[in-house]
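Engineer: One structure coming up, written as structure tokens, with questions to follow.
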Amino acid sequence: HYWKKMEFTLNQWKKIKKICKKNKLIFLSSPFSIKAVEILKKLNVPAWKIGSGEFFSKSLIDKILNYKQPIILSTGLATMHEITQLVKNLKKKRNPFILMQCTSLYPCSFKDIGINMIDVYKKKFNCHVGLSDHSGSIYPSLLALAKGVSLIEVHVGDKNDKNNPDNSSSINFLDLKELVKARDAIYTMKKNPQTKK
């Protein structure tokens with residue numbers, strides 16, 4: 001019943017995409033089925049976000065691989081062996097991708113973030129790496145940015161909204177604003193090394 005209530009029609013998706021474009025945002029959505037992939041293809045998404053639960057959906061990933069578009073791959077429920085197998089396949093197909101370190105706990109405590117995996121993925125797979133965070137805090141994202149990730153993903157919402165099932169794992173809009181400022185500051189600092197001359 002909950003999921004039916006949350007479904008959008010193609011026209012509603014088109015409206016959302018239009019609002020994103022107007023606000024200079026890239027429209028993306030995570031498909032949970034082949035039908036959803038087909039709807040998103042009609043909307044011309046520029047990249048594909050594979051959620052942790054869909055990491056193991058071979059038919060869904062194979063369908064997406066036909067499009068030769070970048071894939072954002074969440075690793076929340078996968079073992080290192082499973083990640084290695086999928087990365088091999090993506091590299092063989094020469095499909096651009098980014099591996100997102102993720103722990104599928106809602107909320108996720110700081111001790112369970114696994115921030116070390118950012119360095120592990122970079123070294124082992126020589127690929128773009130990101131963080132998909134469900135801690136409800138900006139701290140993991142700040143550390144990930146300092147470690148040089150290419151992408152961070154956070155849940156954002158009104159913390160007072162009792163109907164939001166992601167409440168405990170979301171940051172609020174003020175936090176998001178602060179995170180964007182921090183991202184820009186970190187980028188500037190990293191881009192401008194000094195020599196002490």
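Ordered as shown in the structure tokens, chains take letters A, B, and onward, while each chain numbers its residues from 1 and ligands are numbered from 1 in the order shown.
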Excluding same-chain residues fewer than 4 positions from segment 69-74 of chain A, what lies within 6 Å of it counting only C-alpha atoms, as a PyMOL selection string?

Structural biologist: chain A and resi 47-52+96-100

Engineer: Got time to write the residues from that selection, N, CA, C and O atoms, as a PDB file, in the first residue's frame?

Structural biologist:
```pdb
ATOM      1  N   ALA A  47      22.313   9.311 -16.483  1.00  0.00           N
ATOM      2  CA  ALA A  47      23.072   8.277 -15.765  1.00  0.00           C
ATOM      3  C   ALA A  47      22.078   7.413 -14.995  1.00  0.00           C
ATOM      4  O   ALA A  47      20.906   7.776 -14.850  1.00  0.00           O
ATOM      5  N   TRP A  48      22.581   6.288 -14.490  1.00  0.00           N
ATOM      6  CA  TRP A  48      21.715   5.327 -13.798  1.00  0.00           C
ATOM      7  C   TRP A  48      22.216   5.067 -12.395  1.00  0.00           C
ATOM      8  O   TRP A  48      23.372   4.736 -12.202  1.00  0.00           O
ATOM      9  N   LYS A  49      21.347   5.230 -11.410  1.00  0.00           N
ATOM     10  CA  LYS A  49      21.686   4.913 -10.018  1.00  0.00           C
ATOM     11  C   LYS A  49      21.120   3.530  -9.703  1.00  0.00           C
ATOM     12  O   LYS A  49      19.923   3.312  -9.764  1.00  0.00           O
ATOM     13  N   ILE A  50      22.024   2.604  -9.393  1.00  0.00           N
ATOM     14  CA  ILE A  50      21.617   1.265  -8.986  1.00  0.00           C
ATOM     15  C   ILE A  50      21.662   1.217  -7.464  1.00  0.00           C
ATOM     16  O   ILE A  50      22.736   1.320  -6.878  1.00  0.00           O
ATOM     17  N   GLY A  51      20.507   1.084  -6.841  1.00  0.00           N
ATOM     18  CA  GLY A  51      20.441   1.012  -5.386  1.00  0.00           C
ATOM     19  C   GLY A  51      21.015  -0.296  -4.863  1.00  0.00           C
ATOM     20  O   GLY A  51      21.189  -1.259  -5.617  1.00  0.00           O
ATOM     21  N   SER A  52      21.292  -0.338  -3.571  1.00  0.00           N
ATOM     22  CA  SER A  52      21.899  -1.525  -2.961  1.00  0.00           C
ATOM     23  C   SER A  52      21.091  -2.796  -3.220  1.00  0.00           C
ATOM     24  O   SER A  52      21.651  -3.859  -3.464  1.00  0.00           O
ATOM     25  N   PRO A  96      31.157   3.272 -18.230  1.00  0.00           N
ATOM     26  CA  PRO A  96      31.602   4.144 -17.132  1.00  0.00           C
ATOM     27  C   PRO A  96      30.768   3.889 -15.872  1.00  0.00           C
ATOM     28  O   PRO A  96      29.559   3.662 -15.960  1.00  0.00           O
ATOM     29  N   PHE A  97      31.436   3.904 -14.713  1.00  0.00           N
ATOM     30  CA  PHE A  97      30.720   3.661 -13.459  1.00  0.00           C
ATOM     31  C   PHE A  97      31.445   4.331 -12.302  1.00  0.00           C
ATOM     32  O   PHE A  97      32.606   4.706 -12.414  1.00  0.00           O
ATOM     33  N   ILE A  98      30.713   4.473 -11.202  1.00  0.00           N
ATOM     34  CA  ILE A  98      31.298   4.937  -9.949  1.00  0.00           C
ATOM     35  C   ILE A  98      30.805   4.003  -8.851  1.00  0.00           C
ATOM     36  O   ILE A  98      29.625   3.660  -8.812  1.00  0.00           O
ATOM     37  N   LEU A  99      31.717   3.554  -7.998  1.00  0.00           N
ATOM     38  CA  LEU A  99      31.355   2.683  -6.878  1.00  0.00           C
ATOM     39  C   LEU A  99      31.042   3.540  -5.659  1.00  0.00           C
ATOM     40  O   LEU A  99      31.868   4.360  -5.249  1.00  0.00           O
ATOM     41  N   MET A 100      29.882   3.332  -5.080  1.00  0.00           N
ATOM     42  CA  MET A 100      29.480   4.099  -3.904  1.00  0.00           C
ATOM     43  C   MET A 100      29.634   3.238  -2.655  1.00  0.00           C
ATOM     44  O   MET A 100      28.968   2.200  -2.536  1.00  0.00           O
TER      45      MET A 100
END
```

Engineer: Quick one: residues within 8 Å of Asp133 of chain A, only C-alpha atoms counted, chain neighbours fewer than 2 positions away excluded, as a list in words?

Structural biologist: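 Near neighbours after the sequence-gap exclusion: Cys102, Thr103, Cys108, Ile113, Leu131, Ser135, Gly136, Pro140, Ser141, Ile152, Glu153, Val154 and His155 of chain A.
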
Engineer: Which residues come within 10 Å of segment 11-18 of chain A, counting only C-alpha atoms, excluding same-chain residues fewer than 2 positions away, as a PyMOL selection string?

Structural biologist: chain A and resi 7-9+20-29+39-40+42-45

Engineer: Quick check, in Å to one decimal: how far apart do atom CA of Tyr139 of chain A and atom CA of Ile115 of chain A lie?

Structural biologist: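 Pair atom CA of Tyr139 of chain A / atom CA of Ile115 of chain A returns 11.0 Å.
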
Engineer: Just list the residues in chain A DSSP gives alpha helix (DSSP H) on the backbone, as a PyMOL selection string.

Structural biologist: chain A and resi 2-6+10-22+34-42+58-65+80-92+117-125+139-146+173-191

Engineer: With distances taken over only C-alpha atoms, which residue among A:Thr84, A:Ser57, A:Asn66, A:Ser30 lies nearest Phe125 of chain A?

Structural biologist: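 Smallest distance to Phe125 of chain A is found for A:Thr84.
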
Engineer: Write out as a list of chain:residue names all residues of chain A that DSSP puts in strand (DSSP E or B) for this structure's backbone.

Structural biologist: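 Answer for chain A, restricted to strand (DSSP E or B): A:Trp48, A:Lys49, A:Ile50, A:Ile71, A:Ile72, A:Leu73, A:Ser74, A:Phe97, A:Ile98, A:Leu99, A:Met100, A:Gln101, A:Cys102, A:His128, A:Val129, A:Gly130, A:Leu131, A:Ser132, A:Asp133, A:Leu151, A:Ile152, A:Glu153, A:Val154, A:His155, A:Val156, A:Ser170, A:Ile171.
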
Engineer: Write a file of the just-selected residues containing N, CA, C and O atoms, as a JSON list (two decimals), in the first residue's frame.

Structural biologist:
```
[["chain", "number", "residue", "atom", "x", "y", "z"],
["A", 48, "TRP", "N", 22.58, 6.29, -14.49],
["A", 48, "TRP", "CA", 21.71, 5.33, -13.80],
["A", 48, "TRP", "C", 22.22, 5.07, -12.40],
["A", 48, "TRP", "O", 23.37, 4.74, -12.20],
["A", 49, "LYS", "N", 21.35, 5.23, -11.41],
["A", 49, "LYS", "CA", 21.69, 4.91, -10.02],
["A", 49, "LYS", "C", 21.12, 3.53, -9.70],
["A", 49, "LYS", "O", 19.92, 3.31, -9.76],
["A", 50, "ILE", "N", 22.02, 2.60, -9.39],
["A", 50, "ILE", "CA", 21.62, 1.26, -8.99],
["A", 50, "ILE", "C", 21.66, 1.22, -7.46],
["A", 50, "ILE", "O", 22.74, 1.32, -6.88],
["A", 71, "ILE", "N", 26.99, 4.58, -14.72],
["A", 71, "ILE", "CA", 26.23, 3.88, -13.68],
["A", 71, "ILE", "C", 26.80, 4.27, -12.32],
["A", 71, "ILE", "O", 28.01, 4.23, -12.10],
["A", 72, "ILE", "N", 25.90, 4.65, -11.41],
["A", 72, "ILE", "CA", 26.25, 4.95, -10.02],
["A", 72, "ILE", "C", 25.83, 3.71, -9.24],
["A", 72, "ILE", "O", 24.65, 3.40, -9.15],
["A", 73, "LEU", "N", 26.81, 2.99, -8.70],
["A", 73, "LEU", "CA", 26.56, 1.67, -8.15],
["A", 73, "LEU", "C", 26.70, 1.64, -6.64],
["A", 73, "LEU", "O", 27.80, 1.80, -6.10],
["A", 74, "SER", "N", 25.60, 1.44, -5.93],
["A", 74, "SER", "CA", 25.61, 1.38, -4.48],
["A", 74, "SER", "C", 25.99, -0.03, -4.01],
["A", 74, "SER", "O", 25.44, -1.01, -4.51],
["A", 97, "PHE", "N", 31.44, 3.90, -14.71],
["A", 97, "PHE", "CA", 30.72, 3.66, -13.46],
["A", 97, "PHE", "C", 31.45, 4.33, -12.30],
["A", 97, "PHE", "O", 32.61, 4.71, -12.41],
["A", 98, "ILE", "N", 30.71, 4.47, -11.20],
["A", 98, "ILE", "CA", 31.30, 4.94, -9.95],
["A", 98, "ILE", "C", 30.81, 4.00, -8.85],
["A", 98, "ILE", "O", 29.63, 3.66, -8.81],
["A", 99, "LEU", "N", 31.72, 3.55, -8.00],
["A", 99, "LEU", "CA", 31.36, 2.68, -6.88],
["A", 99, "LEU", "C", 31.04, 3.54, -5.66],
["A", 99, "LEU", "O", 31.87, 4.36, -5.25],
["A", 100, "MET", "N", 29.88, 3.33, -5.08],
["A", 100, "MET", "CA", 29.48, 4.10, -3.90],
["A", 100, "MET", "C", 29.63, 3.24, -2.66],
["A", 100, "MET", "O", 28.97, 2.20, -2.54],
["A", 101, "GLN", "N", 30.52, 3.64, -1.74],
["A", 101, "GLN", "CA", 30.58, 2.95, -0.45],
["A", 101, "GLN", "C", 29.26, 3.24, 0.27],
["A", 101, "GLN", "O", 28.80, 4.37, 0.33],
["A", 102, "CYS", "N", 28.64, 2.20, 0.77],
["A", 102, "CYS", "CA", 27.33, 2.34, 1.38],
["A", 102, "CYS", "C", 27.15, 1.23, 2.40],
["A", 102, "CYS", "O", 27.60, 0.11, 2.19],
["A", 128, "HIS", "N", 36.36, 5.67, -10.17],
["A", 128, "HIS", "CA", 35.73, 6.73, -9.38],
["A", 128, "HIS", "C", 35.01, 6.09, -8.20],
["A", 128, "HIS", "O", 34.40, 5.03, -8.33],
["A", 129, "VAL", "N", 35.09, 6.79, -7.04],
["A", 129, "VAL", "CA", 34.46, 6.27, -5.82],
["A", 129, "VAL", "C", 33.65, 7.37, -5.17],
["A", 129, "VAL", "O", 34.01, 8.55, -5.25],
["A", 130, "GLY", "N", 32.54, 6.98, -4.55],
["A", 130, "GLY", "CA", 31.70, 7.94, -3.84],
["A", 130, "GLY", "C", 31.22, 7.36, -2.52],
["A", 130, "GLY", "O", 31.57, 6.25, -2.14],
["A", 131, "LEU", "N", 30.41, 8.15, -1.82],
["A", 131, "LEU", "CA", 29.82, 7.71, -0.55],
["A", 131, "LEU", "C", 28.32, 7.92, -0.61],
["A", 131, "LEU", "O", 27.84, 9.01, -0.94],
["A", 132, "SER", "N", 27.58, 6.87, -0.31],
["A", 132, "SER", "CA", 26.13, 6.97, -0.14],
["A", 132, "SER", "C", 25.88, 6.82, 1.35],
["A", 132, "SER", "O", 26.12, 5.76, 1.92],
["A", 133, "ASP", "N", 25.44, 7.91, 1.99],
["A", 133, "ASP", "CA", 25.41, 7.96, 3.45],
["A", 133, "ASP", "C", 23.98, 8.00, 4.00],
["A", 133, "ASP", "O", 23.13, 8.73, 3.49],
["A", 151, "LEU", "N", 31.75, 11.74, -5.70],
["A", 151, "LEU", "CA", 30.30, 11.93, -5.55],
["A", 151, "LEU", "C", 29.88, 11.59, -4.12],
["A", 151, "LEU", "O", 30.41, 10.65, -3.53],
["A", 152, "ILE", "N", 28.97, 12.38, -3.58],
["A", 152, "ILE", "CA", 28.35, 12.00, -2.31],
["A", 152, "ILE", "C", 26.85, 12.01, -2.49],
["A", 152, "ILE", "O", 26.29, 12.83, -3.22],
["A", 153, "GLU", "N", 26.20, 11.08, -1.81],
["A", 153, "GLU", "CA", 24.74, 10.98, -1.85],
["A", 153, "GLU", "C", 24.24, 10.96, -0.42],
["A", 153, "GLU", "O", 24.75, 10.19, 0.40],
["A", 154, "VAL", "N", 23.29, 11.82, -0.12],
["A", 154, "VAL", "CA", 22.67, 11.85, 1.21],
["A", 154, "VAL", "C", 21.16, 11.89, 1.05],
["A", 154, "VAL", "O", 20.65, 12.31, 0.02],
["A", 155, "HIS", "N", 20.46, 11.45, 2.06],
["A", 155, "HIS", "CA", 19.01, 11.60, 2.10],
["A", 155, "HIS", "C", 18.73, 12.96, 2.74],
["A", 155, "HIS", "O", 19.36, 13.31, 3.73],
["A", 156, "VAL", "N", 17.81, 13.71, 2.15],
["A", 156, "VAL", "CA", 17.48, 15.04, 2.66],
["A", 156, "VAL", "C", 15.97, 15.11, 2.88],
["A", 156, "VAL", "O", 15.20, 14.65, 2.04],
["A", 170, "SER", "N", 18.16, 10.92, 7.39],
["A", 170, "SER", "CA", 18.22, 12.12, 6.52],
["A", 170, "SER", "C", 18.86, 13.30, 7.23],
["A", 170, "SER", "O", 18.76, 13.44, 8.44],
["A", 171, "ILE", "N", 19.50, 14.15, 6.42],
["A", 171, "ILE", "CA", 19.93, 15.46, 6.93],
["A", 171, "ILE", "C", 18.82, 16.45, 6.55],
["A", 171, "ILE", "O", 17.97, 16.15, 5.71]]
```

Engineer: As a ChimeraX atom specification, please: the residues near Ile34 of chain A (cut-off 8 Å, only C-alpha atoms, same-chain neighbours under 2 positions excluded).

Structural biologist: /A:31-32,36-38,59-60,63

Engineer: What is the distance, in Å and to one decimal place, between atom CA of Ser169 of chain A and atom CA of Ser137 of chain A?

Structural biologist: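 Separation of atom CA of Ser169 of chain A and atom CA of Ser137 of chain A: 8.0 Å.
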